[in-house]
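First comes the structure, then the notes that go with it.
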Amino acid sequence: MNKFTLAACSIALFCACNNSPKPEKAPEQPTETISRPDNFAEDLTFLREFAKPAVLKDSTSKSAIAIIPEWQGRVITSSVEENGRSFGWLNYATIENGKIDEFSTYGGEDRFLTGPEIAPATDTAISPNSDSLIQHTALPAITAVKPLQQVTSAKGVTVFEGPIDLQSKSGHTLHNSITRTISLLSRRDLHNYLGADIHRSMRAVGFHSDNILINTGDHHWDTAYGTTSIRIRGSFPVTQSSIAIIPLRPGGTVESSAAPPKERLLIKNNMAFFRADGNLTAEIGVKQFSALNFMGLYDPEREVLTIVQFTLPRNPQFYLGETMEDNRAEVLTIRNNGPENPYARGRFLEVQSASPAALLKPNGRLQHFHRTIHLQGSEKHLSEITKKLFGVTVKELKATLP
């Protein structure tokens with residue numbers, strides 16, 4: 001299975017050594033060029049040097065999310081409070097460098113792409129505001145990509161819109177209109193989305209993106225003429241003991257081109273447990289016949305449980321592969337970043353949900369939801385959630401991949 005396609009880039013050398021004694025053993029994961037504050041307020045301070053983040057706050061709690069309008073309405077990070085932990089992974093070095101061809105490696109919790117992505121060997125230029133907005137069938141060229149424009153902003157909700165033209169190898173232009181609505185979810189409503197009660201002592205923040213793509217041209221999209229799909233991708237910081245939890249349908253399996261070591265992946269009782277420590281590049285995916293519409297990420301060091309939910313049609317649909325060269329048709333792809341990745345230095349997990357192929361008639365529309373919820377609390381109270389959603393307590397979860 002192919003890895004996520006990343007735009008080519010160059011990363012600066014690691015921080016210069018100081019006069020302090022060198023450790024006896026080098027860390028497993030190289031540090032970023034700029035150390036990450038891991039704090040929501042400090043992330044915002046940094047981002048304001050390069051963009052204009054908009055902050056949505058929940059009136060029923062202290063939770064907030066930060067959105068970068070000029071980066072296609074990307075939810076860059078979130079927190080349970082202004083000076084709380086920052087739940088999104090940011091590629092500090094790349095953002096500071098401001099490299100155009102590194103735009104897709106800036107990080108963030110919810111960013112919009114279309115797929116499949118272009119092959120890494122091509123020379124096709126990508127707009128700094130496109131985030132790899134690539135269309136299906138052979139190697140495409142982008143004819144006109146404009147940043148999504150913020151059209152409305154109300155309490156807890158921001159809407160972005162914009163046209164995007166994509167051209168297939170055969171010369172057909174796909175005329176698109178995209179609407180992306182970001183909503184901060186109220187703390188008191190989160191239990192409705194989880195189907196589980198949240199203890200009053202737990203801190204929480206949740207948001208979702210409602211993504212709509214419309215065929216504004218006069219030709220039906222198909223695999224012969226050209227088509228695309230919606231991809232939503234998020235990056236989350238992890239620690240040595242973080243575990244991703246992927247529920248499967250009875251008999252379901254996960255896909256991988258290179259099978260992860262046994263100590264990194266366990267499938268038991270229709271549940272896949274995947275080591276998410278940022279120490280080794282490893283990727284797994286789930287096809288629609290094996291997938292359910294949610295997954296989790298637990299970080300025992302930070303006592304944080306992340307739930308990602310997404311649109312998954314009840315009836316089988318046609319899905320596109322991750323790149324032009326494959327036909328994996330995965331609805332969910334999860335990638336543990338490793339130190340060998342030259343494009344994004346850092347300890348993080350990347351999660352991507354995908355819509356079916358946009359086989360649209362003129363004026364036809366495709367809609368895809370993607371929701372992220374972070375819960376921060378004690379092992380006891382987080383266990384009530386993990387037991388309800390995944391059938392295991394936190395203690396049992398930590399024992400799956402010792």
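Identifiers in this document derive from the order of the structure tokens: chains are assigned A, B, ..., residues are numbered from 1 separately in each chain, and ligands are numbered from 1 in order of occurrence.
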Problem set entry | Close residues, Asn269 of chain A itself excluded, 10 Å, only C-alpha atoms, min 4 positions apart in chain, as JSON, numbers by chain | {"A": [247, 248, 249, 250, 251, 390, 391]}
Problem set entry | All residues 9 Å or closer to Glu109 of chain A, only C-alpha atoms, same chain fewer than 5 positions away omitted, as a ChimeraX atom specification | /A:74-78,87-90,233-236,350-351,372
Problem set entry | Contact residues around Val308 of chain A with only C-alpha atoms at 8 Å, ignoring same-chain residues under 6 positions, as a ChimeraX atom specification | /A:294-296,370-373
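Within the 9 Å cut-off around segment 214-216 of chain A, using only C-alpha atoms and omitting residues fewer than 4 positions from it on the same chain, the listed residues are A:Pro163, A:Leu174, A:His175, A:Asn176, A:Ser177, A:Ile178, A:Thr179, A:His220, A:Trp221, A:Ala358, A:Leu360, A:Lys361, A:Pro362, A:Asn363, A:Gly364, A:Arg365, A:Leu366, A:Gln367.
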For this session: Extract, using only C-alpha atoms, all DNA, RNA and protein residues at most 9 Å from Ser383 of chain A, discarding same-chain residues fewer than 6 positions from it, and format them as a ChimeraX atom specification.
Result: /A:392-395
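Near Ile267 of chain A, within 12 Å and counting only C-alpha atoms, sit Ala244, Ile245, Ile246, Pro247, Leu248, Arg249, Pro250, Gly251, Gly252, Thr253, Val254, Glu255, Lys262, Glu263, Arg264, Leu265, Asn269, Asn270, Met271, Ala272, Phe273, Phe274, Arg275, Thr400 and Leu401 of chain A; same-chain residues fewer than 2 positions away were not included.
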Exercise. Leaving out His368 of chain A and any residue of its chain fewer than 3 positions from it, which residues lie within 7 Å of it when counting only C-alpha atoms, given as a PyMOL selection string?
Worked result: chain A and resi 210-212+230+311+355
Problem set entry | Every residue of segment 37-285 of chain A that DSSP places in helix (DSSP H, G or I), as a ChimeraX atom specification | /A:40-47,69-71,92-97,100-105,187-194,262-264
Kindly save the residues from that selection, with C-alpha atoms included, as an mmCIF file, in the first residue's frame.
```
data_model
loop_
_atom_site.group_PDB
_atom_site.id
_atom_site.type_symbol
_atom_site.label_atom_id
_atom_site.label_comp_id
_atom_site.auth_asym_id
_atom_site.auth_seq_id
_atom_site.Cartn_x
_atom_site.Cartn_y
_atom_site.Cartn_z
ATOM 1 C CA PHE A 40 -2.922 26.557 22.140
ATOM 2 C CA ALA A 41 -2.166 30.208 22.952
ATOM 3 C CA GLU A 42 1.491 29.874 21.945
ATOM 4 C CA ASP A 43 0.537 28.122 18.705
ATOM 5 C CA LEU A 44 -1.733 31.066 17.904
ATOM 6 C CA THR A 45 1.052 33.541 18.640
ATOM 7 C CA PHE A 46 3.327 31.678 16.247
ATOM 8 C CA LEU A 47 0.675 31.351 13.520
ATOM 9 C CA PRO A 69 -9.114 31.022 6.319
ATOM 10 C CA GLU A 70 -6.378 31.591 3.723
ATOM 11 C CA TRP A 71 -5.306 27.924 3.986
ATOM 12 C CA TYR A 92 6.571 24.652 12.748
ATOM 13 C CA ALA A 93 9.667 24.468 10.556
ATOM 14 C CA THR A 94 7.720 24.251 7.301
ATOM 15 C CA ILE A 95 5.292 27.016 8.222
ATOM 16 C CA GLU A 96 8.147 29.314 9.169
ATOM 17 C CA ASN A 97 9.977 28.552 5.912
ATOM 18 C CA ILE A 100 4.955 26.940 -1.478
ATOM 19 C CA ASP A 101 5.555 23.294 -2.354
ATOM 20 C CA GLU A 102 5.320 22.282 1.313
ATOM 21 C CA PHE A 103 1.781 23.555 1.855
ATOM 22 C CA SER A 104 0.303 20.095 2.341
ATOM 23 C CA THR A 105 2.748 19.386 5.176
ATOM 24 C CA ARG A 187 -19.569 20.930 25.139
ATOM 25 C CA ARG A 188 -23.053 20.099 26.405
ATOM 26 C CA ASP A 189 -23.990 18.506 23.053
ATOM 27 C CA LEU A 190 -20.962 16.261 22.582
ATOM 28 C CA HIS A 191 -22.584 13.279 24.309
ATOM 29 C CA ASN A 192 -25.182 13.230 21.516
ATOM 30 C CA TYR A 193 -22.441 12.656 18.929
ATOM 31 C CA LEU A 194 -20.649 10.047 21.019
ATOM 32 C CA LYS A 262 3.499 -7.613 15.089
ATOM 33 C CA GLU A 263 4.116 -5.454 18.136
ATOM 34 C CA ARG A 264 2.604 -2.496 16.268
#
```
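One finds atom CA of Leu185 of chain A at 26.4 Å from atom CA of Arg335 of chain A.
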Problem set entry | From A:Leu359, A:Ala224, A:Leu375, A:Ala329, residue lying nearest Asp299 of chain A [only C-alpha atoms] | A:Leu375
Closest pair table for segment 287-348 of chain A residues within 10 Å of segment 198-209 of chain A, only C-alpha atoms, as CSV:
```
residue,atom,partner,partner_atom,distance
A:Val304,CA,A:Ala204,CA,9.4
A:Leu305,CA,A:Ala204,CA,9.5
A:Thr306,CA,A:Gly206,CA,9.5
A:Ile307,CA,A:Gly206,CA,9.1
A:Val308,CA,A:His208,CA,9.5
A:Gln309,CA,A:His208,CA,8.9
A:Phe310,CA,A:His208,CA,9.1
```
Saved selection, atoms kept: N, CA and C atoms, as a short mmCIF file (atom, residue, chain, number, x, y, z; two decimals), in the first residue's frame:
```
data_model
loop_
_atom_site.label_atom_id
_atom_site.label_comp_id
_atom_site.auth_asym_id
_atom_site.auth_seq_id
_atom_site.Cartn_x
_atom_site.Cartn_y
_atom_site.Cartn_z
N VAL A 304 -5.55 11.94 26.98
CA VAL A 304 -6.41 12.50 25.94
C VAL A 304 -6.94 11.38 25.06
N LEU A 305 -8.23 11.37 24.84
CA LEU A 305 -8.88 10.46 23.91
C LEU A 305 -9.46 11.28 22.77
N THR A 306 -9.06 10.95 21.55
CA THR A 306 -9.55 11.64 20.36
C THR A 306 -10.46 10.69 19.58
N ILE A 307 -11.63 11.18 19.20
CA ILE A 307 -12.57 10.40 18.39
C ILE A 307 -12.74 11.11 17.05
N VAL A 308 -12.57 10.38 15.96
CA VAL A 308 -12.79 10.92 14.62
C VAL A 308 -13.97 10.16 14.00
N GLN A 309 -14.97 10.90 13.53
CA GLN A 309 -16.14 10.33 12.88
C GLN A 309 -16.27 10.92 11.48
N PHE A 310 -16.87 10.17 10.57
CA PHE A 310 -16.94 10.64 9.18
C PHE A 310 -18.10 9.98 8.46
#
```
